[in-house]
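Worksheet: one structure, shown below.
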Amino acid sequence: MPVRIEVLGPVRAWRDNTEIPLGAPQQRAVLALLAVAGGRPVPVPDIIEALWRTNSPSSAANIVQTYLKRLRRLLDPDRPARSPGLLPRVGDGYALQADQDAVDLWRFRALTSEAREARRAADHDRVVAVLTEALGLWTGRPLSDVPVVADHLRLVTLESERWTAVNWFAEAALLSGSATEALSVVEDAAVARPLDERVHAHLIRIYHTVGRRSDGIRIYHEIRRRLSEELGLDPGPELMAAYSALLRDERPRAAASVPAPVSVPAQLPAGIRDFAGRAEQVEEVLAALDSSKNEERPRAPRVVVVTGMGGIGKTTLAVHVGHRLTERFPDGQLYANLGSQSSETARADEVLGMFLFALGVDGSAIPENLDDRAALYRSRLAGRRLLVVLDNAADEAQVRPLLPGTHACTVLVTSRSRLAGLESSVSVELGALAPRHSAELLGRIAGSERIAAEPAAADEIARLCGHVPLAIRIAGVRLATRPHLKLARFAERLRDEHRRLDQLVVGDLAVRASLALSYSHLPEPARRAFRALGLLTAPDFACWTVAALIGQSLPEAEAVVDALVDAHLLNIMGTDATGQIRFRFHDLVRVYARELADREENAESRHAALSRAFRTWLVLAEEADRRLTYRCLLHSADDTLRPPEPPEFMDDLLADPSAWFESERAGIVHAVRQAREDDAAVAWNLADASIGFYEMRDIRDDWRSTHEHALSACRSTKDQRGEAVLSRNLAYLEARYGVNAEPLGRHSGHALSRFRVVSDRAGEAEALLLLGVAMIAMGRPGDAVRYMNAALELARECRHLSGEIVATASLGWLYREQSRYSESAELLRRCLELAGEDTNGWPQSTAWRSLGMIYHYQGRLEESERCLRRALTLARASGARGREALELVVLGEHYIARGRPEGEELLRRSLALSEESGSEFARAVAIRAFGELDLAKGRFDRAVTRITEALESLQAQRATLAMALTLKRLGSAQWAAGDTAAAHDAWRSARAVYEVIDNQVEVVELTGWLTQGPSPAS
């Protein structure tokens, strides 16, 4: 009989209607861990750590094995010998393998996925029906009867899933007119979440709908009071809107919000209407991707490799299949072209960076190396149902890091190579189309009536095209654009070797000949644009890029693009964030276009076209950067590099400057790489104009790539200003994201020398400041203060206000780290006075946080709270979720130190936000704060575990200064737990860091602890 397992409340199991006794709490905890893992294997060491923390017995592995044997006897008594059964051993761990409906949590997630799709379709009745069942599965706090794992960090996410479902349920109930059905659920949620504004806004709307206005007014005033008294906050916009509607007695409506596209990526390119044939191959691919027919590898992702020659239709088939499968993958689709769109194939680490960004990971949280990116990618996909399409793969090594680790995901790979070495994959090889399908494809493009009128000629055309889809498509477009051309006449032309020859039958040369036929019949403006576009290496582009390349107006560019699209020489990718349609070449078409450009255009005309495009990118980037107002480093525009007049389309494109930068991310990277060859000044100015966006969005890969390529060009051309600016920016990159002494010192020192050569005093001030940060990393705090003061004085002398603000804030930060609180506070107040209200917010939020921390240390608690809340407000306004999470931690720690219970709620919010945004630094600091809370409450072993986790994360990020405090706190936890030797090791390590930055207050205190132990107050 099938078994049902429940973890959304007490851990229980049932066979039919009879409950199965699950034994001791730890044995039930093992089953709960496997259920929460969603069918993925849980390594034995992870089970041991969850059960015993750091105090596991030497026989822990044997005990876990015993628990599994007992659970198998209880849950799977009829399991045949040697059968994996319900609880198989998988690698170095165990997994729970059951039907989706067998585990309440799995069923809940399946239902919420169904509800997500119904929300997108605005099927509110369906949302209510599905979520009524989903929420009915909850019987209490998850795993409530197994306290040994009740505080597991996974449960924070699990609880958030429940409250998300409640909010969706309330929205849909209001929109569908069934508010009464949701009333009790939302009332219970409001009791469980007394500070959750959205839940209370829904409850107010529901009370309004059912005629209980007085209860709605009461609920509003109750949460308003709690927010003020416990968090010091005013009601947010949604809560205020619900209350205002109640007072005005307006018909209430839900504040529905479809999930943001970045969290549910939909990157699959558009399909084509004239897809013909391939029914057998489509069914073969679908069968290989069917999970019910893949039982021999139930835990591995399903991978299908579609192989064949260039132009044979691999991408078309993969996209066609992908669109048929979208309903199976409610969590989205990822797409990457890995192949030869340009001379460089895509690197796996770059693709992973783009995928992680699309999955909601902030740029600063994306690891540096390939293995760490792949691990984070697999973690992000765990438990999600996504389709991953990897187009034009070069080899197995390029694909392997991009494979998910979960069976819920499916991967479609296309490649000209067979990729026979790709483990656990199914290969589907595409050959030429069957003759009848070739004729069908030709008819769909050229017109079925014409094919019926000349069937023999149509068959000959298909045969002469080698039944290769790309060649047939091009032939069909030629016929479609010439309605009076007889098919027999066109077939006669194809017999000519100089137009087709035998090349149509032999791979790439065949496709090139077919492209030549289409190209030869384009109007001259379209041919010129085709050749010009072949010069670009950018993977995609909008019409404004074409206008710049050919030196024509936007309407003229749109006309030639339409002609190229009609000829199927350009593909439509979709609409970008600015509302522009984006286009791309098939890779073989791009190669052909470049060949034509090299053959038919002289060097002067090629250079002129590229120069127009690159300089238009530059002027747009500079204007977008100016409108963002996010950068702190100076950018001095060079008017000699700008077009005589600003582009006609500039204001439309830059209405949202961040959206423009996002749309042109890849284009800017490729433009910098290309411009470095013969226009180094444009390359480095374009790279520099983009750093405000890179910093705002924490995009390190593009920042580093553009700057390293442009810097190489500046060195070759001896452009010393370019060297200065790019070296400064690379030093700033190192200073912003973990302090690595060697590159920071090298780049800042080089920037300083070059700024002095070109007599740029403002740039010299910025380089001096960065050199001061490098001195901290090198263990030379005296030199750090000297350089920072020199930077501050120079910025004042040359009236470089933003440089003065940043230098003042940086020096204040350093003094705070050295426990020189009075001097630090004076500088920070000066920074805030200089900044006022008009500059970008990050120096201000940093200064407010540092000032709040100093006031806290000095016992000025009310002033501290005001400063920390101001820092939080600025962080929220900036939209930087990682920064907001960090400010929540600091404010939460402040409240906890004052004995205010809302502090723990802020820590929970910070942890959830840091995990949602992928900010590893904020997450580490939040986990450390939870560890300190455990220490204060006497949970010493748990404190050691959590602070150790935080330390390991900070070490991976090279966050040296944060590591010092973490080591100090870890030593305190280890001391309290009775591990004196470990505590001394941690304190010695912390003292070494404090000695490097010359924090004598901390050095003296830690020295005392090492000799006499910490005081009781510590």
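Ligands are numbered from 1 in the order shown, residues from 1 within each chain, and chains are lettered A, B, ... in the order they appear in the structure tokens.
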Ser810 of chain A surroundings by only C-alpha atoms, 9 Å radius, close-in-sequence under 6 positions cut, as a ChimeraX atom specification: /A:769,773,788,828,843,847
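When the distance limit is 8 Å and only C-alpha atoms are what count, the residues near Gln267 of chain A, minus those fewer than 6 positions from it on the same chain, are A:Gln333, A:Leu334, A:Tyr335.
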Mind writing the picked residues with N, CA and C atoms as a PDB file, in the first residue's frame?
```pdb
ATOM      1  N   GLN A 333      12.529  29.230 -18.432  1.00  0.00           N
ATOM      2  CA  GLN A 333      13.490  28.663 -19.376  1.00  0.00           C
ATOM      3  C   GLN A 333      14.729  29.543 -19.403  1.00  0.00           C
ATOM      4  N   LEU A 334      15.889  28.894 -19.436  1.00  0.00           N
ATOM      5  CA  LEU A 334      17.165  29.569 -19.618  1.00  0.00           C
ATOM      6  C   LEU A 334      17.681  29.229 -21.008  1.00  0.00           C
ATOM      7  N   TYR A 335      18.279  30.201 -21.675  1.00  0.00           N
ATOM      8  CA  TYR A 335      18.799  29.970 -23.029  1.00  0.00           C
ATOM      9  C   TYR A 335      20.157  30.649 -23.157  1.00  0.00           C
TER      10      TYR A 335
END
```
Residue set, segment 60-290 of chain A restricted to alpha helix (DSSP H), as a ChimeraX atom specification: /A:60-75,104-120,124-136,154-176,179-192,197-209,213-226,237-248,279-289
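Neighbours of segment 710-724 of chain A closer than or equal to 6 Å, with only C-alpha atoms counted and sequence neighbours fewer than 6 positions away skipped, come out as A:Arg676, A:Ala680, A:Ala683, A:Trp684, A:Ala751, A:Arg754, A:Phe755.
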Store the residues picked out above, limited to N, CA, C and O atoms, as a PDB file, in the first residue's frame.
```
ATOM      1  N   ARG A 676      39.005  48.253 -29.141  1.00  0.00           N
ATOM      2  CA  ARG A 676      40.395  48.284 -28.664  1.00  0.00           C
ATOM      3  C   ARG A 676      41.388  48.083 -29.811  1.00  0.00           C
ATOM      4  O   ARG A 676      42.555  48.471 -29.704  1.00  0.00           O
ATOM      5  N   ALA A 680      41.325  52.935 -29.325  1.00  0.00           N
ATOM      6  CA  ALA A 680      41.496  52.692 -27.889  1.00  0.00           C
ATOM      7  C   ALA A 680      40.786  53.743 -27.046  1.00  0.00           C
ATOM      8  O   ALA A 680      40.249  53.440 -25.978  1.00  0.00           O
ATOM      9  N   ALA A 683      37.262  52.820 -26.702  1.00  0.00           N
ATOM     10  CA  ALA A 683      37.148  51.617 -25.871  1.00  0.00           C
ATOM     11  C   ALA A 683      37.211  51.968 -24.394  1.00  0.00           C
ATOM     12  O   ALA A 683      36.356  51.538 -23.599  1.00  0.00           O
ATOM     13  N   TRP A 684      38.208  52.787 -24.000  1.00  0.00           N
ATOM     14  CA  TRP A 684      38.329  53.033 -22.561  1.00  0.00           C
ATOM     15  C   TRP A 684      37.268  54.001 -22.051  1.00  0.00           C
ATOM     16  O   TRP A 684      36.803  53.874 -20.910  1.00  0.00           O
ATOM     17  N   ALA A 751      47.570  53.899 -11.429  1.00  0.00           N
ATOM     18  CA  ALA A 751      46.669  55.024 -11.684  1.00  0.00           C
ATOM     19  C   ALA A 751      47.269  56.327 -11.174  1.00  0.00           C
ATOM     20  O   ALA A 751      47.225  57.367 -11.852  1.00  0.00           O
ATOM     21  N   ARG A 754      50.080  57.620 -13.476  1.00  0.00           N
ATOM     22  CA  ARG A 754      49.602  58.113 -14.764  1.00  0.00           C
ATOM     23  C   ARG A 754      48.792  59.395 -14.618  1.00  0.00           C
ATOM     24  O   ARG A 754      48.870  60.287 -15.471  1.00  0.00           O
ATOM     25  N   PHE A 755      47.993  59.516 -13.556  1.00  0.00           N
ATOM     26  CA  PHE A 755      47.260  60.763 -13.347  1.00  0.00           C
ATOM     27  C   PHE A 755      48.229  61.931 -13.141  1.00  0.00           C
ATOM     28  O   PHE A 755      47.973  63.054 -13.585  1.00  0.00           O
TER      29      PHE A 755
END
```
All residues 12 Å or closer to Leu610 of chain A, only C-alpha atoms, same chain fewer than 6 positions away omitted, as number ranges by chain: A: 529, 531-538, 545-551, 597, 603-604, 616-617, 670-672, 674-679, 682-683
Resulting file, chosen residues, N, CA and C atoms, as an mmCIF file, in the first residue's frame:
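result-v3.cif was written with the following content:
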```cif
data_model
loop_
_atom_site.group_PDB
_atom_site.id
_atom_site.type_symbol
_atom_site.label_atom_id
_atom_site.label_comp_id
_atom_site.auth_asym_id
_atom_site.auth_seq_id
_atom_site.Cartn_x
_atom_site.Cartn_y
_atom_site.Cartn_z
ATOM 1 N N ALA A 529 23.685 47.472 -45.380
ATOM 2 C CA ALA A 529 23.465 47.229 -43.950
ATOM 3 C C ALA A 529 23.896 45.820 -43.555
ATOM 4 N N ARG A 531 26.261 43.989 -44.909
ATOM 5 C CA ARG A 531 27.724 43.952 -44.812
ATOM 6 C C ARG A 531 28.201 44.663 -43.546
ATOM 7 N N ALA A 532 27.596 45.805 -43.237
ATOM 8 C CA ALA A 532 28.023 46.561 -42.054
ATOM 9 C C ALA A 532 27.763 45.774 -40.776
ATOM 10 N N LEU A 533 26.608 45.133 -40.705
ATOM 11 C CA LEU A 533 26.295 44.341 -39.515
ATOM 12 C C LEU A 533 27.258 43.173 -39.354
ATOM 13 N N GLY A 534 27.769 42.667 -40.463
ATOM 14 C CA GLY A 534 28.738 41.588 -40.372
ATOM 15 C C GLY A 534 30.023 42.005 -39.681
ATOM 16 N N LEU A 535 30.273 43.302 -39.582
ATOM 17 C CA LEU A 535 31.481 43.783 -38.900
ATOM 18 C C LEU A 535 31.364 43.669 -37.381
ATOM 19 N N LEU A 536 30.126 43.701 -36.868
ATOM 20 C CA LEU A 536 29.919 43.688 -35.418
ATOM 21 C C LEU A 536 30.058 42.275 -34.863
ATOM 22 N N THR A 537 30.602 42.180 -33.650
ATOM 23 C CA THR A 537 30.625 40.887 -32.955
ATOM 24 C C THR A 537 29.560 40.796 -31.884
ATOM 25 N N ALA A 538 28.816 41.895 -31.631
ATOM 26 C CA ALA A 538 27.758 41.863 -30.613
ATOM 27 C C ALA A 538 26.758 40.759 -30.946
ATOM 28 N N THR A 545 21.303 50.612 -33.570
ATOM 29 C CA THR A 545 22.676 50.211 -33.883
ATOM 30 C C THR A 545 22.881 50.193 -35.394
ATOM 31 N N VAL A 546 21.886 49.698 -36.125
ATOM 32 C CA VAL A 546 21.969 49.666 -37.583
ATOM 33 C C VAL A 546 22.028 51.097 -38.114
ATOM 34 N N ALA A 547 21.213 51.984 -37.548
ATOM 35 C CA ALA A 547 21.225 53.381 -37.986
ATOM 36 C C ALA A 547 22.615 53.997 -37.823
ATOM 37 N N ALA A 548 23.253 53.712 -36.699
ATOM 38 C CA ALA A 548 24.593 54.248 -36.466
ATOM 39 C C ALA A 548 25.604 53.651 -37.440
ATOM 40 N N LEU A 549 25.529 52.363 -37.670
ATOM 41 C CA LEU A 549 26.480 51.699 -38.567
ATOM 42 C C LEU A 549 26.422 52.279 -39.977
ATOM 43 N N ILE A 550 25.230 52.450 -40.513
ATOM 44 C CA ILE A 550 25.102 52.865 -41.909
ATOM 45 C C ILE A 550 24.987 54.374 -42.054
ATOM 46 N N GLY A 551 24.952 55.098 -40.907
ATOM 47 C CA GLY A 551 24.904 56.550 -40.961
ATOM 48 C C GLY A 551 23.605 57.099 -41.518
ATOM 49 N N ALA A 597 31.734 41.886 -46.212
ATOM 50 C CA ALA A 597 32.260 43.184 -45.791
ATOM 51 C C ALA A 597 33.745 43.288 -46.095
ATOM 52 N N ALA A 603 39.060 49.286 -46.315
ATOM 53 C CA ALA A 603 39.379 49.427 -44.891
ATOM 54 C C ALA A 603 38.826 50.724 -44.331
ATOM 55 N N GLU A 604 38.852 51.790 -45.135
ATOM 56 C CA GLU A 604 38.363 53.084 -44.658
ATOM 57 C C GLU A 604 36.868 53.044 -44.361
ATOM 58 N N THR A 616 28.427 56.027 -31.052
ATOM 59 C CA THR A 616 27.027 56.162 -30.640
ATOM 60 C C THR A 616 26.796 55.405 -29.341
ATOM 61 N N TRP A 617 27.358 54.191 -29.229
ATOM 62 C CA TRP A 617 27.289 53.479 -27.945
ATOM 63 C C TRP A 617 27.862 54.366 -26.834
ATOM 64 N N HIS A 670 31.170 43.673 -26.111
ATOM 65 C CA HIS A 670 31.728 43.383 -27.439
ATOM 66 C C HIS A 670 32.251 44.647 -28.106
ATOM 67 N N ALA A 671 31.570 45.780 -27.917
ATOM 68 C CA ALA A 671 32.034 47.025 -28.517
ATOM 69 C C ALA A 671 33.400 47.424 -27.955
ATOM 70 N N VAL A 672 33.579 47.283 -26.655
ATOM 71 C CA VAL A 672 34.881 47.601 -26.052
ATOM 72 C C VAL A 672 35.965 46.675 -26.613
ATOM 73 N N GLN A 674 36.033 45.115 -29.479
ATOM 74 C CA GLN A 674 36.339 45.431 -30.870
ATOM 75 C C GLN A 674 37.044 46.767 -31.008
ATOM 76 N N ALA A 675 36.580 47.781 -30.291
ATOM 77 C CA ALA A 675 37.146 49.115 -30.436
ATOM 78 C C ALA A 675 38.606 49.160 -30.000
ATOM 79 N N ARG A 676 39.005 48.253 -29.141
ATOM 80 C CA ARG A 676 40.395 48.284 -28.664
ATOM 81 C C ARG A 676 41.388 48.083 -29.811
ATOM 82 N N GLU A 677 40.932 47.468 -30.914
ATOM 83 C CA GLU A 677 41.846 47.157 -32.002
ATOM 84 C C GLU A 677 42.350 48.423 -32.693
ATOM 85 N N ASP A 678 41.460 49.396 -32.933
ATOM 86 C CA ASP A 678 41.928 50.589 -33.657
ATOM 87 C C ASP A 678 41.290 51.879 -33.149
ATOM 88 N N ASP A 679 40.674 51.856 -31.981
ATOM 89 C CA ASP A 679 40.093 53.077 -31.404
ATOM 90 C C ASP A 679 40.127 52.959 -29.884
ATOM 91 N N VAL A 682 37.969 55.347 -27.628
ATOM 92 C CA VAL A 682 36.551 55.007 -27.515
ATOM 93 C C VAL A 682 36.373 53.810 -26.583
ATOM 94 N N ALA A 683 37.262 52.820 -26.702
ATOM 95 C CA ALA A 683 37.148 51.617 -25.871
ATOM 96 C C ALA A 683 37.211 51.968 -24.394
#
```
Polymer residues at most 12 Å from Glu49 of chain A, only C-alpha atoms, same-chain spacing of 4 or more positions, as a ChimeraX atom specification: /A:29-30,33,42-45,53-57,60-61,64,148-149,152,941-942,945-946
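Nearest residue to Asp215 of chain A among A:Ile805, A:Leu246, A:Val199, A:Val285 is A:Leu246, counting only C-alpha atoms.
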For atom CA of Thr980 of chain A and atom CA of Arg939 of chain A, the interatomic separation in Å (one decimal): 16.8 Å
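A straight line drawn from atom CA of Leu811 of chain A to atom CA of Glu884 of chain A is 22.8 Å long.
Taking atom CA of Ala480 of chain A and atom CA of Ser448 of chain A as endpoints, the distance between them is 10.7 Å.
The list of residues with at least one atom within 6 Å of Cys867 of chain A, based on only C-alpha atoms and without residues fewer than 2 positions apart in the same chain, reads Trp848, Gly852, Ser864, Glu865, Arg869 and Arg870 of chain A.
Compared by their closest atoms to Arg116 of chain A, and using only C-alpha atoms, the residues A:Val128, A:Leu814, A:Ala880, A:Ala809 rank with A:Val128 nearest.
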